[in-house]
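Source file: protein.pdb. Holds: PDB, C-alpha atoms, pLDDT in the B column.
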```pdb
ATOM      1  CA  MET A 203      14.210  15.471 -15.946  1.00 43.00           C
ATOM      2  CA  ALA A 204      16.078  14.948 -12.680  1.00 46.00           C
ATOM      3  CA  VAL A 205      13.546  12.348 -11.586  1.00 46.00           C
ATOM      4  CA  SER A 206      13.809  10.343 -14.803  1.00 48.00           C
ATOM      5  CA  LEU A 207      17.615  10.497 -14.663  1.00 43.00           C
ATOM      6  CA  PHE A 208      17.563   9.336 -11.044  1.00 47.00           C
ATOM      7  CA  ARG A 209      15.032   6.573 -11.722  1.00 48.00           C
ATOM      8  CA  SER A 210      17.153   5.227 -14.579  1.00 49.00           C
ATOM      9  CA  ARG A 211      19.947   4.523 -12.058  1.00 52.00           C
ATOM     10  CA  LEU A 212      17.709   2.651  -9.609  1.00 49.00           C
ATOM     11  CA  PRO A 213      16.101  -0.759  -9.930  1.00 51.00           C
ATOM     12  CA  ASP A 214      12.340  -0.768 -10.375  1.00 54.00           C
ATOM     13  CA  CYS A 215      11.294   0.093  -6.827  1.00 57.00           C
ATOM     14  CA  HIS A 216       8.476   2.075  -5.282  1.00 58.00           C
ATOM     15  CA  LEU A 217       9.449   5.551  -4.161  1.00 65.00           C
ATOM     16  CA  VAL A 218       7.636   8.746  -3.336  1.00 67.00           C
ATOM     17  CA  VAL A 219       9.517  11.741  -4.736  1.00 67.00           C
ATOM     18  CA  PHE A 220       8.972  15.313  -3.556  1.00 61.00           C
ATOM     19  CA  PRO A 221      10.927  18.514  -4.248  1.00 65.00           C
ATOM     20  CA  MET A 222      13.244  19.650  -1.452  1.00 65.00           C
ATOM     21  CA  ASP A 223      13.281  23.214  -2.790  1.00 66.00           C
ATOM     22  CA  PHE A 224       9.485  23.452  -2.705  1.00 63.00           C
ATOM     23  CA  LEU A 225       9.444  26.790  -0.857  1.00 65.00           C
ATOM     24  CA  GLU A 226      11.688  28.482  -3.424  1.00 69.00           C
ATOM     25  CA  LYS A 227      10.569  26.878  -6.721  1.00 69.00           C
ATOM     26  CA  GLY A 228       7.248  25.189  -5.920  1.00 65.00           C
ATOM     27  CA  LEU A 229       6.396  21.904  -7.615  1.00 64.00           C
ATOM     28  CA  TRP A 230       8.914  22.595 -10.382  1.00 67.00           C
ATOM     29  CA  GLY A 231      11.945  22.285  -8.114  1.00 68.00           C
ATOM     30  CA  SER A 232      15.023  20.481  -9.296  1.00 70.00           C
ATOM     31  CA  ASN A 233      16.321  19.091  -5.988  1.00 70.00           C
ATOM     32  CA  PHE A 234      14.339  15.992  -5.003  1.00 68.00           C
ATOM     33  CA  ALA A 235      14.104  13.820  -1.912  1.00 69.00           C
ATOM     34  CA  LEU A 236      12.870  10.242  -1.739  1.00 71.00           C
ATOM     35  CA  LEU A 237      10.519   8.490   0.623  1.00 74.00           C
ATOM     36  CA  GLY A 238      10.697   4.731   0.236  1.00 78.00           C
ATOM     37  CA  LEU A 239       7.782   2.342   0.372  1.00 80.00           C
ATOM     38  CA  GLY A 240       9.006   0.971   3.719  1.00 84.00           C
ATOM     39  CA  ASP A 241       8.800   4.468   5.219  1.00 88.00           C
ATOM     40  CA  VAL A 242       5.060   4.376   4.569  1.00 88.00           C
ATOM     41  CA  VAL A 243       4.177   0.687   4.942  1.00 89.00           C
ATOM     42  CA  LEU A 244       5.923  -0.196   8.221  1.00 91.00           C
ATOM     43  CA  PRO A 245       4.464   2.704  10.230  1.00 93.00           C
ATOM     44  CA  GLY A 246       1.123   2.091   8.507  1.00 93.00           C
ATOM     45  CA  ILE A 247       1.037  -1.505   9.722  1.00 94.00           C
ATOM     46  CA  PHE A 248       1.805  -0.351  13.258  1.00 95.00           C
ATOM     47  CA  ILE A 249      -0.887   2.339  13.123  1.00 95.00           C
ATOM     48  CA  ALA A 250      -3.412  -0.210  11.845  1.00 94.00           C
ATOM     49  CA  LEU A 251      -2.472  -2.581  14.676  1.00 94.00           C
ATOM     50  CA  LEU A 252      -3.083   0.188  17.218  1.00 95.00           C
ATOM     51  CA  LEU A 253      -6.501   0.798  15.659  1.00 94.00           C
ATOM     52  CA  ARG A 254      -7.321  -2.910  16.036  1.00 94.00           C
ATOM     53  CA  PHE A 255      -6.104  -2.785  19.649  1.00 94.00           C
ATOM     54  CA  GLU A 256      -8.521   0.046  20.378  1.00 94.00           C
ATOM     55  CA  HIS A 257     -11.348  -1.768  18.594  1.00 93.00           C
ATOM     56  CA  SER A 258     -10.689  -4.901  20.673  1.00 91.00           C
ATOM     57  CA  LYS A 259     -11.056  -2.862  23.867  1.00 90.00           C
ATOM     58  CA  GLY A 260     -14.611  -1.960  22.820  1.00 89.00           C
ATOM     59  CA  THR A 261     -14.457   1.654  23.996  1.00 88.00           C
ATOM     60  CA  GLY A 262     -15.033   3.190  20.573  1.00 88.00           C
ATOM     61  CA  SER A 263     -12.088   5.512  21.120  1.00 91.00           C
ATOM     62  CA  ARG A 264      -9.482   6.131  18.425  1.00 94.00           C
ATOM     63  CA  LEU A 265      -7.033   8.065  20.575  1.00 95.00           C
ATOM     64  CA  TYR A 266      -4.054   5.758  19.929  1.00 96.00           C
ATOM     65  CA  PHE A 267      -4.774   5.828  16.186  1.00 96.00           C
ATOM     66  CA  PHE A 268      -4.961   9.614  15.918  1.00 96.00           C
ATOM     67  CA  THR A 269      -2.024  10.129  18.277  1.00 96.00           C
ATOM     68  CA  THR A 270       0.184   7.858  16.192  1.00 96.00           C
ATOM     69  CA  CYS A 271      -0.935   9.510  12.948  1.00 96.00           C
ATOM     70  CA  VAL A 272       0.124  12.873  14.392  1.00 96.00           C
ATOM     71  CA  ALA A 273       3.409  11.318  15.569  1.00 96.00           C
ATOM     72  CA  TYR A 274       4.020   9.946  12.042  1.00 95.00           C
ATOM     73  CA  LEU A 275       3.404  13.377  10.543  1.00 94.00           C
ATOM     74  CA  ALA A 276       5.732  14.965  13.124  1.00 95.00           C
ATOM     75  CA  GLY A 277       8.415  12.382  12.287  1.00 93.00           C
ATOM     76  CA  LEU A 278       8.110  13.166   8.578  1.00 89.00           C
ATOM     77  CA  ILE A 279       8.321  16.898   9.234  1.00 89.00           C
ATOM     78  CA  LEU A 280      11.367  16.372  11.454  1.00 92.00           C
ATOM     79  CA  THR A 281      13.006  14.283   8.700  1.00 88.00           C
ATOM     80  CA  VAL A 282      12.471  17.044   6.127  1.00 82.00           C
ATOM     81  CA  VAL A 283      13.707  19.759   8.526  1.00 86.00           C
ATOM     82  CA  VAL A 284      16.895  17.836   9.351  1.00 88.00           C
ATOM     83  CA  MET A 285      17.391  17.122   5.643  1.00 82.00           C
ATOM     84  CA  HIS A 286      17.187  20.848   4.881  1.00 78.00           C
ATOM     85  CA  VAL A 287      19.377  21.919   7.810  1.00 84.00           C
ATOM     86  CA  PHE A 288      22.213  19.501   7.041  1.00 86.00           C
ATOM     87  CA  ASN A 289      21.620  19.552   3.262  1.00 78.00           C
ATOM     88  CA  ALA A 290      22.026  15.782   3.127  1.00 79.00           C
ATOM     89  CA  ALA A 291      19.779  12.784   2.714  1.00 77.00           C
ATOM     90  CA  GLN A 292      18.379  11.320   5.931  1.00 82.00           C
ATOM     91  CA  PRO A 293      16.857   7.877   6.554  1.00 87.00           C
ATOM     92  CA  ALA A 294      13.224   8.631   7.345  1.00 88.00           C
ATOM     93  CA  LEU A 295      12.810   5.637   9.647  1.00 90.00           C
ATOM     94  CA  LEU A 296      15.497   7.122  11.900  1.00 92.00           C
ATOM     95  CA  TYR A 297      12.930   9.759  12.899  1.00 94.00           C
ATOM     96  CA  LEU A 298       9.690   7.858  12.241  1.00 93.00           C
ATOM     97  CA  VAL A 299      10.359   4.891  14.529  1.00 94.00           C
ATOM     98  CA  PRO A 300      10.994   6.884  17.731  1.00 95.00           C
ATOM     99  CA  SER A 301       8.042   9.178  17.091  1.00 95.00           C
ATOM    100  CA  CYS A 302       5.622   6.392  16.108  1.00 95.00           C
ATOM    101  CA  LEU A 303       6.655   4.186  19.034  1.00 95.00           C
ATOM    102  CA  GLY A 304       7.341   6.789  21.686  1.00 95.00           C
ATOM    103  CA  LEU A 305       4.104   8.756  21.671  1.00 95.00           C
ATOM    104  CA  PRO A 306       1.701   5.751  21.788  1.00 95.00           C
ATOM    105  CA  LEU A 307       3.797   4.086  24.495  1.00 96.00           C
ATOM    106  CA  LEU A 308       3.788   7.287  26.530  1.00 97.00           C
ATOM    107  CA  LEU A 309       0.018   7.552  26.043  1.00 96.00           C
ATOM    108  CA  ALA A 310      -0.447   3.923  27.142  1.00 96.00           C
ATOM    109  CA  LEU A 311       1.689   4.578  30.202  1.00 97.00           C
ATOM    110  CA  VAL A 312      -0.385   7.629  31.151  1.00 97.00           C
ATOM    111  CA  LYS A 313      -3.712   5.848  30.537  1.00 95.00           C
ATOM    112  CA  GLY A 314      -2.602   2.684  32.363  1.00 94.00           C
ATOM    113  CA  ASP A 315      -2.934   0.491  29.254  1.00 94.00           C
ATOM    114  CA  ILE A 316       0.739  -0.372  28.908  1.00 95.00           C
ATOM    115  CA  THR A 317       0.431  -3.991  30.098  1.00 95.00           C
ATOM    116  CA  GLU A 318      -2.672  -4.578  28.007  1.00 94.00           C
ATOM    117  CA  LEU A 319      -0.955  -3.059  24.960  1.00 93.00           C
ATOM    118  CA  PHE A 320       2.095  -5.312  25.298  1.00 94.00           C
ATOM    119  CA  ARG A 321      -0.057  -8.418  25.806  1.00 93.00           C
ATOM    120  CA  TYR A 322      -2.381  -7.676  22.889  1.00 93.00           C
ATOM    121  CA  GLU A 323      -2.629 -10.465  20.312  1.00 89.00           C
ATOM    122  CA  ASP A 324      -4.295  -9.841  16.990  1.00 82.00           C
ATOM    123  CA  HIS A 325      -6.047 -13.166  16.579  1.00 79.00           C
ATOM    124  CA  PRO A 326      -9.113 -14.738  18.166  1.00 67.00           C
ATOM    125  CA  PRO A 327      -8.622 -17.226  21.011  1.00 65.00           C
ATOM    126  CA  GLU A 328      -8.921 -20.944  20.294  1.00 70.00           C
ATOM    127  CA  GLY A 329     -12.528 -22.085  19.909  1.00 63.00           C
ATOM    128  CA  LYS A 330     -13.876 -18.671  18.937  1.00 57.00           C
ATOM    129  CA  GLU A 331     -13.324 -19.020  15.183  1.00 53.00           C
ATOM    130  CA  LYS A 332     -15.884 -17.639  12.778  1.00 55.00           C
ATOM    131  CA  SER A 333     -18.417 -20.149  11.541  1.00 52.00           C
ATOM    132  CA  GLY A 334     -17.841 -21.293   8.004  1.00 49.00           C
ATOM    133  CA  THR A 335     -14.070 -20.826   8.096  1.00 51.00           C
ATOM    134  CA  LYS A 336     -13.287 -24.312   9.371  1.00 49.00           C
ATOM    135  CA  ARG A 337     -13.389 -27.032   6.735  1.00 48.00           C
ATOM    136  CA  ASP A 338     -13.964 -30.689   7.503  1.00 43.00           C
TER
END
```

Write out the structure in this file as structure tokens.
Amino acid sequence: MAVSLFRSRLPDCHLVVFPMDFLEKGLWGSNFALLGLGDVVLPGIFIALLLRFEHSKGTGSRLYFFTTCVAYLAGLILTVVVMHVFNAAQPALLYLVPSCLGLPLLLALVKGDITELFRYEDHPPEGKEKSGTKRD
């Protein structure tokens, strides 16, 4: 009931709703928190770009991908913990951006890939286009 009442006050937008009082009442909790579509999509695009960066290196490693997925999960957990401690809504991106950017950048610094990571471009160089894509 609380979700339908809350949704009736919002424009038609995409939200992920989960109970804040999950530990006490389980899935039937009455106090809900929201995770917006941007809290999932923006980090997801960045994680996908890191996966493409690793694929372009040709090493077959997915270390940046898995590291950033763990950082995203840690950022979400930190958001929920802070939300419970202060008993107030928190913007998830406030915790997701530093975790999703900080850990991969630290990893790139340790591995010596920092310059290559910053110079990475996600498109093929001129003249190396796929055959059949260019129309006369």

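Distance check against Ala276 (chain A) using all atoms listed in the file: of A:Ser258, A:Ser263, A:Ser301, A:Asn289, the minimum falls on A:Ser301.
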
May I have the centre and edge lengths, in Å to one decimal, of an axis-aligned box around the listed atoms of region 244-248 of chain A with 5 Å added to every side, as AutoDock Vina command-line options?
```
--center_x 3.5 --center_y 0.6 --center_z 10.7 --size_x 14.9 --size_y 14.2 --size_z 15.0
```

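Going from CA of Tyr266 (chain A) to CA of Tyr322 (chain A) covers 13.9 Å.
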
For this session: Excluding Thr281 (chain A) and residues on its chain fewer than 2 positions from it, collect all residues at most 8 Å away from it, counting all atoms listed in the file, and give them as a VMD selection string.
Result: chain A and resid 277 to 279 283 to 285 292 to 294 297

Preceding selection exported with C-alpha atoms as a compact mmCIF listing (two decimals), in the coordinates of the input:
```txt
# COMPACT_ATOMS: atom_id res chain seq x y z
CA GLY A 277 8.41 12.38 12.29
CA LEU A 278 8.11 13.17 8.58
CA ILE A 279 8.32 16.90 9.23
CA VAL A 283 13.71 19.76 8.53
CA VAL A 284 16.90 17.84 9.35
CA MET A 285 17.39 17.12 5.64
CA GLN A 292 18.38 11.32 5.93
CA PRO A 293 16.86 7.88 6.55
CA ALA A 294 13.22 8.63 7.34
CA TYR A 297 12.93 9.76 12.90
```

For this session: Extract, using all atoms listed in the file, all DNA, RNA and protein residues at most 12 Å from Leu298 (chain A), discarding same-chain residues fewer than 2 positions from it, and format them as a ChimeraX atom specification.
Result: /A:237,240-246,248-249,270-282,292-296,300-305

All residues 12 Å or closer to Lys259 (chain A), only C-alpha atoms, same chain fewer than 5 positions away omitted, as a tab-separated table (two decimals) with C-alpha atoms, keeping the file's coordinate frame:
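File part36.tsv, as written:
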```tsv
chain	number	residue	atom	x	y	z
A	252	LEU	CA	-3.08	0.19	17.22
A	253	LEU	CA	-6.50	0.80	15.66
A	254	ARG	CA	-7.32	-2.91	16.04
A	264	ARG	CA	-9.48	6.13	18.42
A	266	TYR	CA	-4.05	5.76	19.93
A	315	ASP	CA	-2.93	0.49	29.25
A	318	GLU	CA	-2.67	-4.58	28.01
A	319	LEU	CA	-0.96	-3.06	24.96
A	322	TYR	CA	-2.38	-7.68	22.89
A	323	GLU	CA	-2.63	-10.46	20.31
A	324	ASP	CA	-4.30	-9.84	16.99
```

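CA of Leu251 (chain A) to CA of Val312 (chain A) spans 19.5 Å [interatomic distance, one decimal].
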